Amino acid sequence: MSNLKEKVTIVTGASSGIGAATAKRLAEKGARVVLAGRNEGRLAKIVEEITRSGGIASHHVADATDFESTKMLVAFARRTYGPVDILVNNAGLMLFSYWKNVAVGDWNKMIDTNLRGYLHAIAAVLPSMLERRSGRILNMSSIAGVHVGDAAGVYGATKFFIRGITESLRKEVGVGNGIQISMISPGVIDTGWADKVEDETARKIAGELNKQGIPPSSVADAVIYALDQPPEITINDIVVHPTRQDW
């Protein structure tokens, strides 16, 4: 039997891409999934697809950059299914720009989502997990948290941050508290993100990278592998990238 069966699970950034694929796979494994994001229409559509296939899922509109909104998300999950067993910290923003462009607005957006958003979700679920001495937190990082590419300085820095807090969580609250702390570091994912890059030159770079993109379902499979482990086993870090790459 799956170790995920009936586990109350929150997936942030679940309206598309990795989040949506992960939510579907978790539901297939028997988890009770709460999909979180800002696009209610997309969230509702994915929940309908999951429930039509026999899974258990609900959605809640939440803004990862707002701590009160995140606390309301966790409260919703608790009311609907019970205490949160698993957090998949996935909400993220990738905006490419060169340093010479001084794109402070984009920098701040990534800091708010990729740093504060992750911290907000951790802060909202951790007290209950510590009290119950049980739980799983999986942070979605990136290969950019290991190797920084062109026009991705600030984005890469946010992913280095995620790597840092995951390692600290593992040492400080994972060991000795029964909490499994994991991280997935995907390479380029084919989710259409390249089309959202505003800077023309950076968009060309993003487009070339995206040609090597791997499907979100492959990352979702890695998430399931990391989470579907017995309580005494923790999968620390999985790197997922294309077999062929030109960089």
# chains A, B, ... in the order shown; residues from 1 in each chain; ligands from 1
>>> residues_around(residues="A:Arg116", least_positions_apart="5", cutoff="9 Å", atoms="only C-alpha atoms", output="mmCIF file with N, CA, C and O atoms, in the first residue's frame")
data_model
loop_
_atom_site.group_PDB
_atom_site.id
_atom_site.type_symbol
_atom_site.label_atom_id
_atom_site.label_comp_id
_atom_site.auth_asym_id
_atom_site.auth_seq_id
_atom_site.Cartn_x
_atom_site.Cartn_y
_atom_site.Cartn_z
ATOM 1 N N ALA A 64 0.850 33.019 -2.118
ATOM 2 C CA ALA A 64 2.008 32.561 -1.349
ATOM 3 C C ALA A 64 2.791 33.715 -0.737
ATOM 4 O O ALA A 64 3.453 33.532 0.302
ATOM 5 N N THR A 65 2.704 34.893 -1.333
ATOM 6 C CA THR A 65 3.473 36.027 -0.823
ATOM 7 C C THR A 65 2.847 36.658 0.405
ATOM 8 O O THR A 65 3.455 37.510 1.049
ATOM 9 N N ASP A 66 1.636 36.242 0.748
ATOM 10 C CA ASP A 66 0.883 36.802 1.876
ATOM 11 C C ASP A 66 0.768 35.742 2.963
ATOM 12 O O ASP A 66 0.114 34.718 2.774
ATOM 13 N N PHE A 67 1.378 35.975 4.114
ATOM 14 C CA PHE A 67 1.380 34.969 5.173
ATOM 15 C C PHE A 67 -0.028 34.681 5.689
ATOM 16 O O PHE A 67 -0.369 33.528 5.976
ATOM 17 N N ILE A 111 11.708 37.409 -5.312
ATOM 18 C CA ILE A 111 12.010 37.334 -3.885
ATOM 19 C C ILE A 111 10.736 37.079 -3.086
ATOM 20 O O ILE A 111 10.703 36.242 -2.181
ATOM 21 N N ALA A 121 4.794 29.172 3.770
ATOM 22 C CA ALA A 121 4.176 27.847 3.792
ATOM 23 C C ALA A 121 4.797 26.971 4.879
ATOM 24 O O ALA A 121 4.086 26.242 5.589
#
>>> residues_around(residues="stretch 183-187 of chain A", least_positions_apart="2", cutoff="6 Å", atoms="only C-alpha atoms", output="list in words")
Leu138, Asn139, Met140, Ser141, Ser142, Ile143, Asp237, Ile238, Val239, Val240 and His241 of chain A
>>> select_by_dssp(residues="stretch 21-138 of chain A", states="strand (DSSP E or B)", output="list in words")
Arg32, Val33, Val34, Leu35, Ala36, Gly37, Ile56, Ala57, Ser58, His59, His60, Val61, Ile86, Leu87, Val88, Asn89, Gly135, Arg136, Ile137 and Leu138 of chain A
>>> closest_residue(among="A:Asn236, A:Lys159, A:Met94, A:Val219", to="A:Val175", atoms="only C-alpha atoms")
A:Asn236
>>> residues_around(residues="A:Leu169", least_positions_apart="3", cutoff="12 Å", atoms="only C-alpha atoms", output="short mmCIF file (atom, residue, chain, number, x, y, z; two decimals) with N, CA, C and O atoms, in the first residue's frame")
data_model
loop_
_atom_site.label_atom_id
_atom_site.label_comp_id
_atom_site.auth_asym_id
_atom_site.auth_seq_id
_atom_site.Cartn_x
_atom_site.Cartn_y
_atom_site.Cartn_z
N LEU A 119 8.89 30.35 2.77
CA LEU A 119 8.96 30.51 4.22
C LEU A 119 7.56 30.58 4.84
O LEU A 119 7.31 30.01 5.91
N ILE A 122 6.11 27.03 5.00
CA ILE A 122 6.78 26.25 6.05
C ILE A 122 6.30 26.69 7.42
O ILE A 122 5.98 25.86 8.29
N ALA A 123 6.24 28.00 7.64
CA ALA A 123 5.81 28.52 8.94
C ALA A 123 4.38 28.12 9.28
O ALA A 123 4.04 27.91 10.44
N LEU A 126 4.61 23.91 9.91
CA LEU A 126 5.62 23.31 10.76
C LEU A 126 5.21 23.11 12.23
O LEU A 126 5.49 22.04 12.80
N LEU A 130 5.64 19.50 14.10
CA LEU A 130 6.53 19.31 15.25
C LEU A 130 5.76 18.76 16.45
O LEU A 130 6.25 17.89 17.17
N ARG A 136 5.90 15.75 6.27
CA ARG A 136 6.83 15.75 5.15
C ARG A 136 6.77 17.11 4.47
O ARG A 136 5.69 17.60 4.16
N ILE A 137 7.91 17.68 4.25
CA ILE A 137 8.01 18.94 3.52
C ILE A 137 8.93 18.71 2.33
O ILE A 137 10.07 18.26 2.50
N LEU A 138 8.43 18.99 1.15
CA LEU A 138 9.24 18.88 -0.06
C LEU A 138 9.31 20.24 -0.72
O LEU A 138 8.28 20.82 -1.07
N ASN A 139 10.52 20.76 -0.86
CA ASN A 139 10.74 22.05 -1.50
C ASN A 139 11.18 21.84 -2.94
O ASN A 139 12.09 21.06 -3.22
N ILE A 162 16.62 28.28 -1.54
CA ILE A 162 15.79 27.12 -1.24
C ILE A 162 16.65 25.92 -0.84
O ILE A 162 16.33 25.18 0.10
N ARG A 163 17.76 25.74 -1.54
CA ARG A 163 18.69 24.67 -1.18
C ARG A 163 19.20 24.86 0.24
O ARG A 163 19.31 23.91 1.02
N GLY A 164 19.51 26.10 0.60
CA GLY A 164 20.02 26.38 1.93
C GLY A 164 19.01 26.11 3.03
O GLY A 164 19.34 25.48 4.05
N ILE A 165 17.78 26.58 2.85
CA ILE A 165 16.79 26.38 3.91
C ILE A 165 16.40 24.91 4.02
O ILE A 165 16.09 24.43 5.12
N THR A 166 16.43 24.19 2.90
CA THR A 166 16.09 22.76 2.96
C THR A 166 17.12 22.00 3.76
O THR A 166 16.78 21.15 4.60
N GLU A 172 17.88 20.61 11.38
CA GLU A 172 17.33 21.18 12.61
C GLU A 172 16.01 20.56 13.04
O GLU A 172 15.77 20.34 14.23
N VAL A 173 15.12 20.28 12.09
CA VAL A 173 13.81 19.75 12.46
C VAL A 173 13.54 18.37 11.89
O VAL A 173 12.65 17.67 12.37
N GLY A 174 14.28 17.98 10.86
CA GLY A 174 14.06 16.66 10.28
C GLY A 174 14.62 15.56 11.15
O GLY A 174 13.93 14.59 11.51
N VAL A 175 15.87 15.71 11.51
CA VAL A 175 16.54 14.70 12.33
C VAL A 175 16.02 14.77 13.76
O VAL A 175 16.08 15.79 14.42
N GLY A 176 15.46 13.65 14.23
CA GLY A 176 15.00 13.58 15.61
C GLY A 176 13.57 14.00 15.85
O GLY A 176 13.06 13.87 16.97
N ASN A 177 12.88 14.49 14.81
CA ASN A 177 11.50 14.93 14.99
C ASN A 177 10.51 14.16 14.12
O ASN A 177 9.33 14.49 14.10
N ILE A 179 10.21 14.20 10.93
CA ILE A 179 9.75 14.98 9.78
C ILE A 179 10.71 14.75 8.61
O ILE A 179 11.92 14.93 8.74
N GLN A 180 10.15 14.34 7.49
CA GLN A 180 10.96 14.06 6.30
C GLN A 180 11.09 15.32 5.45
O GLN A 180 10.07 15.90 5.05
N ILE A 181 12.31 15.75 5.20
CA ILE A 181 12.57 16.97 4.44
C ILE A 181 13.25 16.59 3.13
O ILE A 181 14.32 15.99 3.13
N SER A 182 12.64 16.95 2.02
CA SER A 182 13.16 16.57 0.71
C SER A 182 13.21 17.77 -0.22
O SER A 182 12.56 18.80 0.02
N MET A 183 13.95 17.61 -1.30
CA MET A 183 14.04 18.66 -2.31
C MET A 183 14.17 18.03 -3.70
O MET A 183 14.86 17.02 -3.86
N ASN A 236 16.74 12.82 0.29
CA ASN A 236 17.19 14.19 0.52
C ASN A 236 17.02 15.09 -0.70
O ASN A 236 16.45 16.18 -0.61
#
>>> closest_residue(among="A:Ala44, A:Val148, A:Leu4, A:Leu73", to="A:Lys29", atoms="only C-alpha atoms")
A:Leu4
>>> select_by_dssp(residues="stretch 4-232 of chain A", states="alpha helix (DSSP H)", output="number ranges by chain")
A: 17-28, 40-52, 67-80, 104-110, 117-132, 153-169, 200-210, 216-227
>>> closest_residue(among="A:Thr22, A:Gln229, A:Ser15, A:Thr113", to="A:Asp63", atoms="only C-alpha atoms")
A:Thr113
>>> atom_distance(atom1="atom CA of A:Ala20", atom2="atom CA of A:Asn3")
20.4 Å
>>> closest_residue(among="A:Arg78, A:Lys109, A:Lys71, A:His147", to="A:Val34", atoms="only C-alpha atoms")
A:Arg78
>>> atom_distance(atom1="atom CA of A:Met110", atom2="atom CA of A:Ala220")
22.6 Å
>>> closest_residue(among="A:Val102, A:Ala152, A:Ile86, A:Val47", to="A:Gly135", atoms="only C-alpha atoms")
A:Ile86
>>> closest_residue(among="A:Gly30, A:Ile189, A:Ala36, A:Ala157", to="A:Val88", atoms="only C-alpha atoms")
A:Ala36
>>> atom_distance(atom1="atom CA of A:Ser218", atom2="atom CA of A:Arg170")
24.5 Å
>>> closest_atom_pairs(of="stretch 65-114 of chain A", to="stretch 54-58 of chain A", cutoff="10 Å", atoms="only C-alpha atoms", output="Markdown table")
| residue | atom | partner | partner_atom | distance |
| --- | --- | --- | --- | --- |
| A:Phe76 | CA | A:Ser58 | CA | 9.7 |
| A:Ala77 | CA | A:Ser58 | CA | 8.6 |
| A:Thr80 | CA | A:Ser58 | CA | 8.4 |
| A:Tyr81 | CA | A:Ser58 | CA | 9.6 |
>>> residues_around(residues="A:Gly153", least_positions_apart="3", cutoff="10 Å", atoms="only C-alpha atoms", output="PyMOL selection string")
chain A and resi 95-99+107+144+148-150+156-158
>>> write_last_selection(atoms="C-alpha atoms", output="compact mmCIF listing (two decimals), in the first residue's frame")
# COMPACT_ATOMS: atom_id res chain seq x y z
CA LEU A 95 11.83 35.89 -14.70
CA PHE A 96 14.97 36.22 -16.81
CA SER A 97 16.89 39.50 -17.15
CA TYR A 98 20.48 40.66 -17.37
CA TRP A 99 22.05 42.60 -14.51
CA TRP A 107 13.78 40.80 -8.70
CA ALA A 144 19.63 26.79 -11.29
CA VAL A 148 23.40 29.64 -12.75
CA GLY A 149 22.72 30.31 -16.42
CA ASP A 150 22.67 33.46 -18.53
CA GLY A 156 19.34 31.25 -9.47
CA ALA A 157 19.98 33.02 -6.18
CA THR A 158 16.44 32.30 -5.02
>>> residues_around(residues="A:Gly37", least_positions_apart="6", cutoff="8 Å", atoms="only C-alpha atoms", output="PyMOL selection string")
chain A and resi 12-15+43+60-64+91
